[in-house]
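**Q** This is the content of data.cif (mmCIF, C-alpha atoms (C1' of nucleotides)):
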data_coords
loop_
_atom_site.label_atom_id
_atom_site.label_comp_id
_atom_site.auth_asym_id
_atom_site.auth_seq_id
_atom_site.Cartn_x
_atom_site.Cartn_y
_atom_site.Cartn_z
CA MET A 189 -37.66 -11.09 -6.18
CA THR A 190 -37.42 -10.37 -9.84
CA GLN A 191 -35.70 -13.48 -11.14
CA ALA A 192 -36.62 -15.02 -14.44
CA THR A 193 -34.29 -17.99 -14.22
CA PRO A 194 -34.52 -20.98 -11.89
CA THR A 195 -31.04 -20.54 -10.39
CA PRO A 196 -30.74 -16.84 -9.72
CA THR A 197 -28.27 -16.57 -6.87
CA GLN A 198 -25.04 -18.38 -7.33
CA SER A 199 -21.65 -18.54 -5.76
CA ALA A 200 -19.19 -16.61 -7.85
CA GLY A 201 -16.68 -19.40 -7.89
CA PHE A 202 -17.96 -21.23 -10.91
CA GLY A 203 -18.07 -19.32 -14.18
CA PHE A 204 -15.87 -16.47 -13.11
CA PRO A 205 -12.66 -16.79 -15.11
CA LEU A 206 -10.51 -14.77 -12.71
CA VAL A 207 -10.67 -17.43 -10.01
CA ARG A 208 -8.52 -19.64 -12.16
CA ARG A 209 -5.67 -17.14 -11.94
CA THR A 210 -3.16 -17.67 -9.18
CA GLY A 211 -2.47 -13.95 -9.27
CA TYR A 212 -6.06 -13.04 -8.60
CA LEU A 213 -6.32 -15.62 -5.85
CA LEU A 214 -3.17 -14.32 -4.19
CA ASN A 215 -4.45 -10.79 -4.40
CA LYS A 216 -7.82 -11.74 -2.98
CA ALA A 217 -6.38 -13.87 -0.20
CA GLY A 218 -4.01 -11.08 0.80
CA SER A 219 -6.69 -8.42 0.90
CA ILE A 220 -9.22 -10.60 2.74
CA LEU A 221 -6.63 -11.47 5.36
CA MET A 222 -5.63 -7.83 5.65
CA GLU A 223 -9.21 -6.72 6.18
CA ASP A 224 -9.84 -9.42 8.77
CA ALA A 225 -6.69 -8.43 10.64
CA GLU A 226 -7.55 -4.74 10.45
CA ARG A 227 -10.96 -5.47 11.95
CA ALA A 228 -9.51 -7.60 14.74
CA LEU A 229 -6.85 -5.01 15.59
CA ALA A 230 -9.34 -2.14 15.61
CA GLU A 231 -10.83 -3.63 18.77
CA GLN A 232 -7.63 -2.80 20.61
CA GLY A 233 -7.08 0.57 18.97
CA MET A 234 -4.37 -0.94 16.81
CA ARG A 235 -3.86 -0.89 13.06
CA LEU A 236 -2.07 -3.29 10.78
CA ARG A 237 0.59 -0.81 9.73
CA TYR A 238 1.39 0.07 13.34
CA PHE A 239 1.73 -3.62 13.99
CA TYR A 240 4.11 -3.94 11.06
CA VAL A 241 6.27 -1.09 12.37
CA LEU A 242 6.34 -2.58 15.86
CA ALA A 243 7.19 -6.00 14.50
CA ALA A 244 9.98 -4.59 12.34
CA LEU A 245 11.49 -2.76 15.29
CA GLU A 246 11.41 -5.90 17.41
CA SER A 247 14.20 -7.30 15.25
CA ASP A 248 16.49 -4.76 16.91
CA LEU A 249 18.39 -3.76 13.80
CA SER A 250 18.68 -0.07 14.69
CA LEU A 251 16.42 0.91 11.83
CA SER A 252 15.93 4.49 10.66
CA GLN A 253 12.63 5.80 9.35
CA GLN A 254 13.73 5.38 5.77
CA ASP A 255 14.85 1.82 6.47
CA LEU A 256 11.38 1.18 7.76
CA SER A 257 9.70 2.82 4.81
CA ARG A 258 11.75 0.69 2.39
CA LEU A 259 11.12 -2.43 4.42
CA LEU A 260 7.38 -1.94 4.70
CA HIS A 261 6.95 -0.36 1.29
CA LEU A 262 5.51 2.86 2.67
CA ASP A 263 6.36 6.36 1.50
CA PRO A 264 8.94 8.14 3.72
CA THR A 265 6.50 11.01 4.22
CA THR A 266 3.86 8.55 5.35
CA MET A 267 6.38 7.09 7.77
CA VAL A 268 6.92 10.49 9.42
CA ALA A 269 3.26 10.76 10.34
CA LEU A 270 3.14 7.11 11.37
CA VAL A 271 6.10 7.41 13.74
CA ASP A 272 4.72 10.71 15.05
CA GLU A 273 1.52 8.97 16.10
CA MET A 274 3.30 6.00 17.59
CA GLU A 275 5.70 8.22 19.49
CA ARG A 276 2.75 10.20 20.84
CA ALA A 277 1.17 6.90 21.88
CA GLY A 278 4.37 6.06 23.72
CA GLN A 279 5.12 2.92 21.73
CA VAL A 280 8.24 4.10 19.91
CA GLU A 281 11.20 6.36 20.72
CA ARG A 282 13.26 8.47 18.33
CA ARG A 283 16.94 8.66 19.20
CA ARG A 284 19.56 10.38 17.08
CA ASN A 285 22.08 8.05 15.55
CA PRO A 286 25.42 9.35 16.92
CA SER A 287 27.39 8.10 13.91
CA ASP A 288 25.07 9.84 11.44
CA ARG A 289 23.16 12.66 12.99
CA ARG A 290 20.71 12.93 10.09
CA ARG A 291 19.17 9.58 10.96
CA TYR A 292 17.13 8.41 13.87
CA ILE A 293 17.40 5.05 15.54
CA LEU A 294 13.88 3.92 16.36
CA ARG A 295 13.35 1.86 19.48
CA LEU A 296 10.40 0.06 20.97
CA THR A 297 9.32 1.21 24.41
CA ASP A 298 8.00 -1.25 26.98
CA ASP A 299 4.49 -0.14 26.07
CA GLY A 300 5.30 -0.70 22.42
CA ARG A 301 6.51 -4.20 23.15
CA ALA A 302 3.35 -4.96 25.11
CA ALA A 303 1.17 -3.59 22.30
CA LEU A 304 3.11 -5.70 19.83
CA GLU A 305 2.46 -8.88 21.77
CA ARG A 306 -1.23 -8.17 22.20
CA ALA A 307 -1.61 -7.35 18.52
CA GLY A 308 0.42 -10.41 17.56
CA ARG A 309 -2.03 -12.67 19.34
CA ALA A 310 -4.97 -11.09 17.48
CA VAL A 311 -3.22 -11.47 14.12
CA ASP A 312 -2.30 -15.05 14.96
CA ALA A 313 -5.95 -15.83 15.57
CA VAL A 314 -7.00 -14.26 12.27
CA GLU A 315 -4.40 -16.23 10.35
CA ARG A 316 -5.37 -19.44 12.12
CA ASP A 317 -9.01 -18.93 11.20
CA PHE A 318 -8.18 -18.16 7.61
CA LEU A 319 -5.88 -21.16 7.20
CA ALA A 320 -8.08 -23.58 9.12
CA ALA A 321 -9.67 -24.83 5.91
CA VAL A 322 -6.57 -26.82 4.96
CA PRO A 323 -4.52 -29.34 6.99
CA ALA A 324 -1.40 -28.28 8.88
CA GLU A 325 0.88 -29.89 6.35
CA ASP A 326 -0.61 -27.77 3.56
CA ARG A 327 -0.38 -24.64 5.69
CA GLU A 328 3.34 -25.21 6.09
CA ARG A 329 3.72 -25.93 2.40
CA LEU A 330 1.95 -22.69 1.57
CA ARG A 331 4.23 -20.72 3.82
CA ALA A 332 7.33 -22.30 2.33
CA LEU A 333 6.12 -21.73 -1.22
CA LEU A 334 5.38 -18.08 -0.60
CA GLY A 335 8.78 -17.70 1.02
CA GLU A 336 10.45 -19.06 -2.10
CA LEU A 337 8.44 -16.82 -4.41
CA LEU A 338 9.32 -13.72 -2.41
CA ALA A 339 12.92 -14.66 -1.68
CA GLY A 340 14.43 -12.33 -4.25
CA ARG A 341 12.09 -9.43 -3.60
CA TRP A 342 12.85 -8.25 -0.10
CA PRO A 343 14.25 -4.72 0.01
CA ARG A 344 17.80 -4.13 1.08
CA VAL A 345 18.02 -2.40 4.42
CA ILE A 346 20.88 -0.39 5.78
CA ALA A 347 21.06 -1.24 9.43
CA CYS A 348 23.81 0.44 11.39
CA GLU A 349 24.61 0.06 15.04
CA MET B 110 29.14 5.56 3.20
CA THR B 111 28.67 6.12 6.87
CA GLN B 112 28.66 2.62 8.23
CA ALA B 113 30.20 1.70 11.53
CA THR B 114 29.59 -2.04 11.30
CA PRO B 115 31.18 -4.58 8.97
CA THR B 116 27.89 -5.86 7.53
CA PRO B 117 25.84 -2.77 6.92
CA THR B 118 23.50 -3.70 4.10
CA GLN B 119 21.48 -6.85 4.53
CA SER B 120 18.59 -8.58 2.92
CA ALA B 121 15.50 -8.10 5.01
CA GLY B 122 14.58 -11.76 4.95
CA PHE B 123 16.55 -12.92 7.95
CA GLY B 124 15.81 -11.22 11.25
CA PHE B 125 12.52 -9.71 10.21
CA PRO B 126 9.85 -11.55 12.18
CA LEU B 127 6.99 -10.73 9.81
CA VAL B 128 8.37 -12.94 7.06
CA ARG B 129 7.51 -15.96 9.13
CA ARG B 130 3.83 -15.07 8.96
CA THR B 131 1.83 -16.66 6.16
CA GLY B 132 -0.53 -13.72 6.33
CA TYR B 133 2.22 -11.19 5.72
CA LEU B 134 3.63 -13.28 2.90
CA LEU B 135 0.23 -13.58 1.26
CA ASN B 136 -0.33 -9.87 1.57
CA LYS B 137 3.09 -9.07 0.15
CA ALA B 138 2.81 -11.55 -2.69
CA GLY B 139 -0.59 -10.17 -3.63
CA SER B 140 0.52 -6.56 -3.64
CA ILE B 141 3.76 -7.23 -5.52
CA LEU B 142 1.88 -9.13 -8.18
CA MET B 143 -0.72 -6.39 -8.39
CA GLU B 144 1.90 -3.70 -8.85
CA ASP B 145 3.73 -5.71 -11.49
CA ALA B 146 0.48 -6.28 -13.37
CA GLU B 147 -0.50 -2.62 -13.09
CA ARG B 148 2.85 -1.62 -14.55
CA ALA B 149 2.55 -4.09 -17.42
CA LEU B 150 -1.00 -3.04 -18.22
CA ALA B 151 -0.18 0.66 -18.15
CA GLU B 152 1.83 0.15 -21.33
CA GLN B 153 -1.40 -0.58 -23.18
CA GLY B 154 -3.46 2.10 -21.45
CA MET B 155 -5.12 -0.58 -19.34
CA ARG B 156 -5.56 -0.92 -15.61
CA LEU B 157 -6.00 -3.94 -13.43
CA ARG B 158 -9.53 -3.04 -12.32
CA TYR B 159 -10.65 -2.53 -15.92
CA PHE B 160 -9.21 -5.93 -16.67
CA TYR B 161 -11.16 -7.41 -13.77
CA VAL B 162 -14.40 -5.90 -15.02
CA LEU B 163 -13.78 -7.12 -18.54
CA ALA B 164 -12.92 -10.60 -17.28
CA ALA B 165 -16.02 -10.72 -15.10
CA LEU B 166 -18.24 -9.74 -18.02
CA GLU B 167 -16.70 -12.41 -20.21
CA SER B 168 -18.49 -15.01 -18.11
CA ASP B 169 -21.72 -13.81 -19.72
CA LEU B 170 -23.86 -13.92 -16.60
CA SER B 171 -25.86 -10.76 -17.39
CA LEU B 172 -24.30 -8.92 -14.50
CA SER B 173 -25.54 -5.59 -13.25
CA GLN B 174 -23.25 -2.90 -11.89
CA GLN B 175 -23.99 -3.87 -8.33
CA ASP B 176 -23.34 -7.51 -9.10
CA LEU B 177 -19.97 -6.43 -10.40
CA SER B 178 -19.25 -4.26 -7.39
CA ARG B 179 -20.04 -7.14 -5.03
CA LEU B 180 -18.04 -9.56 -7.13
CA LEU B 181 -14.96 -7.35 -7.37
CA HIS B 182 -15.29 -5.83 -3.93
CA LEU B 183 -15.57 -2.28 -5.22
CA ASP B 184 -17.96 0.36 -3.99
CA PRO B 185 -21.08 0.78 -6.20
CA THR B 186 -20.25 4.46 -6.63
CA THR B 187 -16.77 3.56 -7.79
CA MET B 188 -18.31 1.13 -10.24
CA VAL B 189 -20.38 3.91 -11.82
CA ALA B 190 -17.29 5.91 -12.71
CA LEU B 191 -15.49 2.77 -13.82
CA VAL B 192 -18.24 1.70 -16.20
CA ASP B 193 -18.56 5.31 -17.41
CA GLU B 194 -14.94 5.30 -18.48
CA MET B 195 -15.12 1.88 -20.04
CA GLU B 196 -18.30 2.76 -21.91
CA ARG B 197 -16.64 5.93 -23.20
CA ALA B 198 -13.70 3.79 -24.30
CA GLY B 199 -16.14 1.59 -26.18
CA GLN B 200 -15.32 -1.59 -24.27
CA VAL B 201 -18.62 -2.04 -22.44
CA GLU B 202 -22.29 -1.42 -23.22
CA ARG B 203 -25.09 -0.60 -20.80
CA ARG B 204 -28.44 -2.14 -21.69
CA ARG B 205 -31.54 -1.92 -19.54
CA ASN B 206 -32.68 -5.19 -18.08
CA PRO B 207 -36.23 -5.57 -19.46
CA SER B 208 -37.41 -7.63 -16.49
CA ASP B 209 -36.16 -5.05 -13.98
CA ARG B 210 -35.78 -1.62 -15.49
CA ARG B 211 -33.74 -0.32 -12.57
CA ARG B 212 -30.82 -2.55 -13.46
CA TYR B 213 -28.47 -2.61 -16.37
CA ILE B 214 -27.13 -5.63 -18.10
CA LEU B 215 -23.51 -4.95 -18.94
CA ARG B 216 -22.08 -6.44 -22.10
CA LEU B 217 -18.65 -6.60 -23.61
CA THR B 218 -18.25 -4.99 -27.02
CA ASP B 219 -15.94 -6.45 -29.63
CA ASP B 220 -13.36 -3.84 -28.68
CA GLY B 221 -13.78 -4.82 -25.05
CA ARG B 222 -13.21 -8.45 -25.87
CA ALA B 223 -10.07 -7.57 -27.82
CA ALA B 224 -8.78 -5.42 -24.96
CA LEU B 225 -9.49 -8.26 -22.56
CA GLU B 226 -7.42 -10.69 -24.59
CA ARG B 227 -4.51 -8.30 -24.97
CA ALA B 228 -4.55 -7.50 -21.25
CA GLY B 229 -4.89 -11.17 -20.40
CA ARG B 230 -1.67 -11.95 -22.22
CA ALA B 231 0.19 -9.24 -20.29
CA VAL B 232 -1.16 -10.47 -16.96
CA ASP B 233 -0.30 -14.06 -17.92
CA ALA B 234 3.29 -12.99 -18.50
CA VAL B 235 3.50 -11.21 -15.15
CA GLU B 236 2.14 -14.23 -13.30
CA ARG B 237 4.48 -16.56 -15.16
CA ASP B 238 7.46 -14.41 -14.19
CA PHE B 239 6.39 -14.23 -10.59
CA LEU B 240 5.77 -17.97 -10.29
CA ALA B 241 8.84 -19.02 -12.28
CA ALA B 242 10.84 -19.48 -9.08
CA VAL B 243 9.05 -22.72 -8.22
CA PRO B 244 8.41 -25.85 -10.33
CA ALA B 245 5.14 -26.33 -12.22
CA GLU B 246 3.88 -28.88 -9.74
CA ASP B 247 4.22 -26.40 -6.88
CA ARG B 248 2.54 -23.68 -8.92
CA GLU B 249 -0.48 -25.93 -9.37
CA ARG B 250 -0.45 -26.84 -5.70
CA LEU B 251 -0.40 -23.17 -4.76
CA ARG B 252 -3.37 -22.45 -6.98
CA ALA B 253 -5.35 -25.35 -5.56
CA LEU B 254 -4.52 -24.38 -1.98
CA LEU B 255 -5.58 -20.78 -2.49
CA GLY B 256 -8.76 -21.99 -4.13
CA GLU B 257 -9.59 -24.08 -1.06
CA LEU B 258 -8.85 -21.22 1.33
CA LEU B 259 -11.09 -18.85 -0.58
CA ALA B 260 -13.84 -21.35 -1.36
CA GLY B 261 -16.25 -20.07 1.28
CA ARG B 262 -15.54 -16.41 0.70
CA TRP B 263 -16.80 -15.61 -2.74
CA PRO B 264 -19.68 -13.16 -2.78
CA ARG B 265 -23.12 -14.27 -3.86
CA VAL B 266 -24.12 -12.79 -7.16
CA ILE B 267 -27.60 -12.32 -8.51
CA ALA B 268 -27.39 -13.10 -12.17
CA CYS B 269 -30.57 -12.81 -14.15
CA GLU B 270 -31.05 -13.52 -17.82
"C1'" DT C 50 26.53 16.93 -4.18
"C1'" DA C 51 23.66 13.45 -1.78
"C1'" DT C 52 20.75 11.86 2.08
"C1'" DT C 53 17.44 12.01 6.38
"C1'" DG C 54 13.74 13.83 8.08
"C1'" DT C 55 10.20 17.26 7.53
"C1'" DT C 56 6.34 20.23 5.75
"C1'" DA C 57 3.03 21.72 2.44
"C1'" DT C 58 0.44 20.43 -1.31
"C1'" DA C 59 -1.93 18.03 -4.76
"C1'" DC C 60 -3.85 13.96 -6.35
"C1'" DT C 61 -6.18 9.55 -6.14
"C1'" DC C 62 -9.20 6.42 -3.92
"C1'" DT C 63 -12.83 5.31 -1.10
"C1'" DA C 64 -16.95 6.08 1.75
"C1'" DT C 65 -21.43 8.71 2.93
"C1'" DA C 66 -25.51 10.72 2.13
"C1'" DA C 67 -29.10 12.25 -0.70
"C1'" DC C 68 -31.67 11.97 -4.99
"C1'" DT C 69 -34.46 9.49 -9.18
"C1'" DA C 70 -36.63 5.82 -11.16
"C1'" DT C 71 -38.27 1.69 -10.65
"C1'" DA C 72 -40.00 -2.37 -7.98
"C1'" DT D 45 -40.69 0.25 1.74
"C1'" DA D 46 -36.69 -1.32 -0.70
"C1'" DT D 47 -33.29 -1.51 -4.52
"C1'" DA D 48 -30.23 0.11 -8.85
"C1'" DG D 49 -28.00 3.64 -10.41
"C1'" DT D 50 -26.37 8.37 -9.95
"C1'" DT D 51 -24.29 12.65 -8.07
"C1'" DA D 52 -21.89 15.57 -4.87
"C1'" DT D 53 -18.95 15.68 -1.27
"C1'" DA D 54 -15.97 14.63 2.42
"C1'" DG D 55 -12.31 11.77 4.10
"C1'" DA D 56 -8.35 8.80 3.94
"C1'" DG D 57 -4.35 7.53 1.70
"C1'" DT D 58 -0.52 8.42 -1.32
"C1'" DA D 59 2.79 10.90 -4.10
"C1'" DT D 60 5.60 15.29 -5.31
"C1'" DA D 61 8.33 19.02 -4.49
"C1'" DA D 62 10.88 21.96 -1.67
"C1'" DC D 63 13.56 22.88 2.53
"C1'" DA D 64 16.97 22.42 6.73
"C1'" DA D 65 20.43 19.77 8.80
"C1'" DT D 66 24.00 16.73 8.11
"C1'" DA D 67 27.19 13.89 5.49
#
Translate this file's structure into structure tokens.
**A**
Amino acid sequence: MTQATPTPTQSAGFGFPLVRRTGYLLNKAGSILMEDAERALAEQGMRLRYFYVLAALESDLSLSQQDLSRLLHLDPTTMVALVDEMERAGQVERRRNPSDRRRYILRLTDDGRAALERAGRAVDAVERDFLAAVPAEDRERLRALLGELLAGRWPRVIACE
Amino acid sequence: MTQATPTPTQSAGFGFPLVRRTGYLLNKAGSILMEDAERALAEQGMRLRYFYVLAALESDLSLSQQDLSRLLHLDPTTMVALVDEMERAGQVERRRNPSDRRRYILRLTDDGRAALERAGRAVDAVERDFLAAVPAEDRERLRALLGELLAGRWPRVIACE
DNA sequence: TATTGTTATACTCTATAACTATA
DNA sequence: TATAGTTATAGAGTATAACAATA
């Protein structure tokens, strides 16, 4: 130890001006939660972005790849590789959209649905752990508040049947 | 237009199961805010991570590079390049720590302090815009809630004088 | 002429390992 | 032996541009 002061090691929460910024806290909370979820999903060979794709397809909106990339804020070229992998893993099917043959309609397979449920349980557990520090009433308030803040910022999706 | 259904374009908020997850909302809110801030800061040749470093050094804790990297969750090797750039820009100084000559003590210069203030105003504006959708009382509640959730997760920092 | 999906490519970011100087 | 800072390098992730098929 090479400390010259009596209180060398301190929690960062005190004199660190960023922690008084809601923006920084939001950022930090989001990235911590993401990392925790990524770690939990890795145990089942799953990744957060696969989980997002599976969850988006569960809504059964007949989404194309570009719909997905807009929805999940991922580059369309990234989405190609993503869907490639998931198709190879047997979790997703590409079908041509008969009313617009440029587009696919992506569908969950049974395996995909099973993987989604398993992953969902892991992500649930991570969120529960993270939110356990505050009472249930505050957890619900937080969710509602975030919903309001993001209400105007969801991408528009073209979903055709 | 190639739609076959009467309601082709829809907001994603409705049948998209992820938006009911606090974790997804937190993640999304954090990344939206980060992108907005990055865009605003780019206009003054600033970046969010530079701003974070400047803000961390404002606290005057005699932080070393590794303290900073732990605090901001950036790799120590990334921090080297970061501080290099900021030193070249005249915003930060490296001084050797006399009580441990392996470590630096990083200090803000006057230019760094000015850049911090300018950037702080831009980030303030971005946060204000983002949070404007809810009343002031809810904004404060959100900040307090996030603070509680993150309370146990700040890294320990060795700050020597 | 515009759009979906695709490929190739470049660019950025991050992570790993090895080195030096100090402890 | 361990740590702070550094460098070089590899890897992952992302963005850009061009192309074929379809609208």
**Q** Need the neighbours of (-22.2, 9.9, -8.5): which residues are at most 8 Å away, counting only C-alpha atoms (C1' of nucleotides), as a PDB file with C-alpha atoms (C1' of nucleotides), keeping the file's coordinate frame?
**A**
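Everything below was put into selection-v8.pdb:
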ATOM      1  CA  THR B 186     -20.250   4.460  -6.630  1.00  0.00           C
ATOM      2  CA  VAL B 189     -20.380   3.910 -11.820  1.00  0.00           C
ATOM      3  CA  ALA B 190     -17.290   5.910 -12.710  1.00  0.00           C
TER       4      ALA B 190
ATOM      5  C1'  DT D  50     -26.370   8.370  -9.950  1.00  0.00           C
ATOM      6  C1'  DT D  51     -24.290  12.650  -8.070  1.00  0.00           C
ATOM      7  C1'  DA D  52     -21.890  15.570  -4.870  1.00  0.00           C
TER       8       DA D  52
END
**Q** Hey, what's within 10 Å of DT65 in chain C if we count only C-alpha atoms (C1' of nucleotides) and toss same-chain stuff fewer than 4 positions away? As JSON, numbers by chain, please?
**A** {"D": [53, 54, 55]}
**Q** Output chain B as a short mmCIF file (atom, residue, chain, number, x, y, z; two decimals) with C-alpha atoms, in the coordinates of the input, after least-squares fitting it to chain A on all in-order C-alpha pairs.
**A**
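Result file follows (superposed-v4.cif):
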data_model
loop_
_atom_site.label_atom_id
_atom_site.label_comp_id
_atom_site.auth_asym_id
_atom_site.auth_seq_id
_atom_site.Cartn_x
_atom_site.Cartn_y
_atom_site.Cartn_z
CA MET B 110 -37.64 -11.09 -5.85
CA THR B 111 -37.52 -10.28 -9.50
CA GLN B 112 -35.87 -13.33 -10.94
CA ALA B 113 -36.81 -14.78 -14.28
CA THR B 114 -34.51 -17.80 -14.13
CA PRO B 115 -34.70 -20.84 -11.88
CA THR B 116 -31.18 -20.46 -10.45
CA PRO B 117 -30.83 -16.78 -9.75
CA THR B 118 -28.31 -16.57 -6.94
CA GLN B 119 -25.05 -18.38 -7.43
CA SER B 120 -21.67 -18.58 -5.85
CA ALA B 121 -19.19 -16.65 -7.91
CA GLY B 122 -16.65 -19.45 -7.93
CA PHE B 123 -17.86 -21.32 -10.97
CA GLY B 124 -18.03 -19.39 -14.23
CA PHE B 125 -15.83 -16.54 -13.13
CA PRO B 126 -12.62 -16.85 -15.13
CA LEU B 127 -10.47 -14.84 -12.72
CA VAL B 128 -10.63 -17.51 -10.03
CA ARG B 129 -8.46 -19.71 -12.17
CA ARG B 130 -5.63 -17.20 -11.96
CA THR B 131 -3.10 -17.72 -9.18
CA GLY B 132 -2.41 -14.02 -9.27
CA TYR B 133 -6.02 -13.10 -8.61
CA LEU B 134 -6.26 -15.67 -5.85
CA LEU B 135 -3.11 -14.38 -4.20
CA ASN B 136 -4.37 -10.83 -4.41
CA LYS B 137 -7.76 -11.78 -2.99
CA ALA B 138 -6.32 -13.90 -0.22
CA GLY B 139 -3.97 -11.11 0.78
CA SER B 140 -6.65 -8.45 0.87
CA ILE B 141 -9.18 -10.61 2.71
CA LEU B 142 -6.61 -11.47 5.34
CA MET B 143 -5.61 -7.83 5.63
CA GLU B 144 -9.18 -6.71 6.14
CA ASP B 145 -9.83 -9.41 8.72
CA ALA B 146 -6.69 -8.42 10.61
CA GLU B 147 -7.55 -4.73 10.42
CA ARG B 148 -10.97 -5.46 11.89
CA ALA B 149 -9.52 -7.57 14.70
CA LEU B 150 -6.88 -4.99 15.55
CA ALA B 151 -9.35 -2.11 15.56
CA GLU B 152 -10.86 -3.59 18.72
CA GLN B 153 -7.66 -2.76 20.57
CA GLY B 154 -7.11 0.62 18.92
CA MET B 155 -4.40 -0.91 16.75
CA ARG B 156 -3.87 -0.91 13.02
CA LEU B 157 -2.08 -3.31 10.77
CA ARG B 158 0.61 -0.82 9.70
CA TYR B 159 1.38 0.07 13.32
CA PHE B 160 1.71 -3.63 13.98
CA TYR B 161 4.11 -3.94 11.05
CA VAL B 162 6.27 -1.11 12.36
CA LEU B 163 6.32 -2.57 15.84
CA ALA B 164 7.19 -6.01 14.49
CA ALA B 165 9.97 -4.60 12.33
CA LEU B 166 11.48 -2.76 15.29
CA GLU B 167 11.40 -5.90 17.40
CA SER B 168 14.19 -7.29 15.25
CA ASP B 169 16.48 -4.75 16.91
CA LEU B 170 18.40 -3.76 13.80
CA SER B 171 18.68 -0.06 14.68
CA LEU B 172 16.42 0.90 11.83
CA SER B 173 15.93 4.45 10.67
CA GLN B 174 12.64 5.78 9.36
CA GLN B 175 13.73 5.36 5.78
CA ASP B 176 14.87 1.83 6.46
CA LEU B 177 11.40 1.16 7.76
CA SER B 178 9.72 2.81 4.80
CA ARG B 179 11.76 0.70 2.38
CA LEU B 180 11.15 -2.43 4.41
CA LEU B 181 7.40 -1.94 4.68
CA HIS B 182 6.95 -0.36 1.28
CA LEU B 183 5.53 2.87 2.66
CA ASP B 184 6.39 6.36 1.51
CA PRO B 185 8.95 8.14 3.75
CA THR B 186 6.49 10.99 4.27
CA THR B 187 3.85 8.52 5.38
CA MET B 188 6.37 7.05 7.78
CA VAL B 189 6.90 10.43 9.44
CA ALA B 190 3.23 10.72 10.36
CA LEU B 191 3.13 7.07 11.38
CA VAL B 192 6.08 7.37 13.75
CA ASP B 193 4.66 10.67 15.05
CA GLU B 194 1.48 8.93 16.10
CA MET B 195 3.26 5.96 17.58
CA GLU B 196 5.67 8.19 19.49
CA ARG B 197 2.71 10.17 20.85
CA ALA B 198 1.14 6.87 21.87
CA GLY B 199 4.34 6.03 23.71
CA GLN B 200 5.10 2.89 21.72
CA VAL B 201 8.21 4.09 19.90
CA GLU B 202 11.16 6.35 20.72
CA ARG B 203 13.23 8.45 18.34
CA ARG B 204 16.92 8.65 19.21
CA ARG B 205 19.53 10.36 17.09
CA ASN B 206 22.07 8.05 15.55
CA PRO B 207 25.39 9.36 16.95
CA SER B 208 27.38 8.17 13.93
CA ASP B 209 25.05 9.92 11.48
CA ARG B 210 23.11 12.73 13.07
CA ARG B 211 20.68 12.98 10.17
CA ARG B 212 19.16 9.62 10.99
CA TYR B 213 17.13 8.39 13.88
CA ILE B 214 17.38 5.05 15.53
CA LEU B 215 13.88 3.92 16.36
CA ARG B 216 13.34 1.85 19.47
CA LEU B 217 10.40 0.06 20.96
CA THR B 218 9.31 1.20 24.40
CA ASP B 219 7.97 -1.24 26.96
CA ASP B 220 4.46 -0.13 26.06
CA GLY B 221 5.27 -0.71 22.41
CA ARG B 222 6.49 -4.19 23.14
CA ALA B 223 3.31 -4.95 25.09
CA ALA B 224 1.15 -3.59 22.27
CA LEU B 225 3.10 -5.70 19.81
CA GLU B 226 2.43 -8.87 21.76
CA ARG B 227 -1.26 -8.14 22.18
CA ALA B 228 -1.63 -7.32 18.49
CA GLY B 229 0.40 -10.38 17.55
CA ARG B 230 -2.06 -12.63 19.33
CA ALA B 231 -4.99 -11.07 17.45
CA VAL B 232 -3.24 -11.43 14.10
CA ASP B 233 -2.30 -15.03 14.97
CA ALA B 234 -5.97 -15.79 15.55
CA VAL B 235 -7.01 -14.24 12.24
CA GLU B 236 -4.40 -16.21 10.33
CA ARG B 237 -5.36 -19.42 12.12
CA ASP B 238 -9.00 -18.90 11.18
CA PHE B 239 -8.17 -18.15 7.59
CA LEU B 240 -5.86 -21.15 7.20
CA ALA B 241 -8.06 -23.57 9.15
CA ALA B 242 -9.63 -24.84 5.92
CA VAL B 243 -6.53 -26.83 5.00
CA PRO B 244 -4.47 -29.34 7.03
CA ALA B 245 -1.35 -28.27 8.93
CA GLU B 246 0.95 -29.86 6.39
CA ASP B 247 -0.54 -27.76 3.59
CA ARG B 248 -0.33 -24.62 5.71
CA GLU B 249 3.40 -25.19 6.13
CA ARG B 250 3.78 -25.92 2.43
CA LEU B 251 2.00 -22.68 1.59
CA ARG B 252 4.29 -20.70 3.84
CA ALA B 253 7.40 -22.29 2.36
CA LEU B 254 6.19 -21.74 -1.20
CA LEU B 255 5.43 -18.08 -0.59
CA GLY B 256 8.81 -17.69 1.04
CA GLU B 257 10.51 -19.06 -2.08
CA LEU B 258 8.49 -16.83 -4.40
CA LEU B 259 9.36 -13.73 -2.42
CA ALA B 260 12.97 -14.66 -1.68
CA GLY B 261 14.48 -12.33 -4.28
CA ARG B 262 12.13 -9.45 -3.61
CA TRP B 263 12.89 -8.24 -0.14
CA PRO B 264 14.27 -4.72 -0.02
CA ARG B 265 17.83 -4.10 1.05
CA VAL B 266 18.04 -2.41 4.39
CA ILE B 267 20.89 -0.39 5.78
CA ALA B 268 21.10 -1.27 9.41
CA CYS B 269 23.78 0.44 11.42
CA GLU B 270 24.56 -0.05 15.08
#
**Q** Taking a cut-off of 12 Å and counting only C-alpha atoms (C1' of nucleotides), can you build a table that, for each residue of chain A near chain D, reports the nearest atom pair and how far apart they are in Å (one decimal), sorted by chain then residue number, as a tab-separated table?
**A**
residue	atom	partner	partner_atom	distance
A:Met189	CA	D:DT47	C1'	10.7
A:Thr190	CA	D:DT47	C1'	11.1
A:His261	CA	D:DT58	C1'	11.8
A:Leu262	CA	D:DT58	C1'	9.1
A:Asp263	CA	D:DT58	C1'	7.7
A:Pro264	CA	D:DA59	C1'	10.3
A:Thr265	CA	D:DA59	C1'	9.1
A:Thr266	CA	D:DT58	C1'	8.0
A:Met267	CA	D:DT58	C1'	11.5
A:Ala269	CA	D:DG57	C1'	12.0
A:Arg284	CA	D:DT66	C1'	11.9
A:Asn285	CA	D:DT66	C1'	11.6
A:Pro286	CA	D:DT66	C1'	11.6
A:Ser287	CA	D:DA67	C1'	10.2
A:Asp288	CA	D:DA67	C1'	7.5
A:Arg289	CA	D:DT66	C1'	6.4
A:Arg290	CA	D:DT66	C1'	5.4
A:Arg291	CA	D:DT66	C1'	9.1
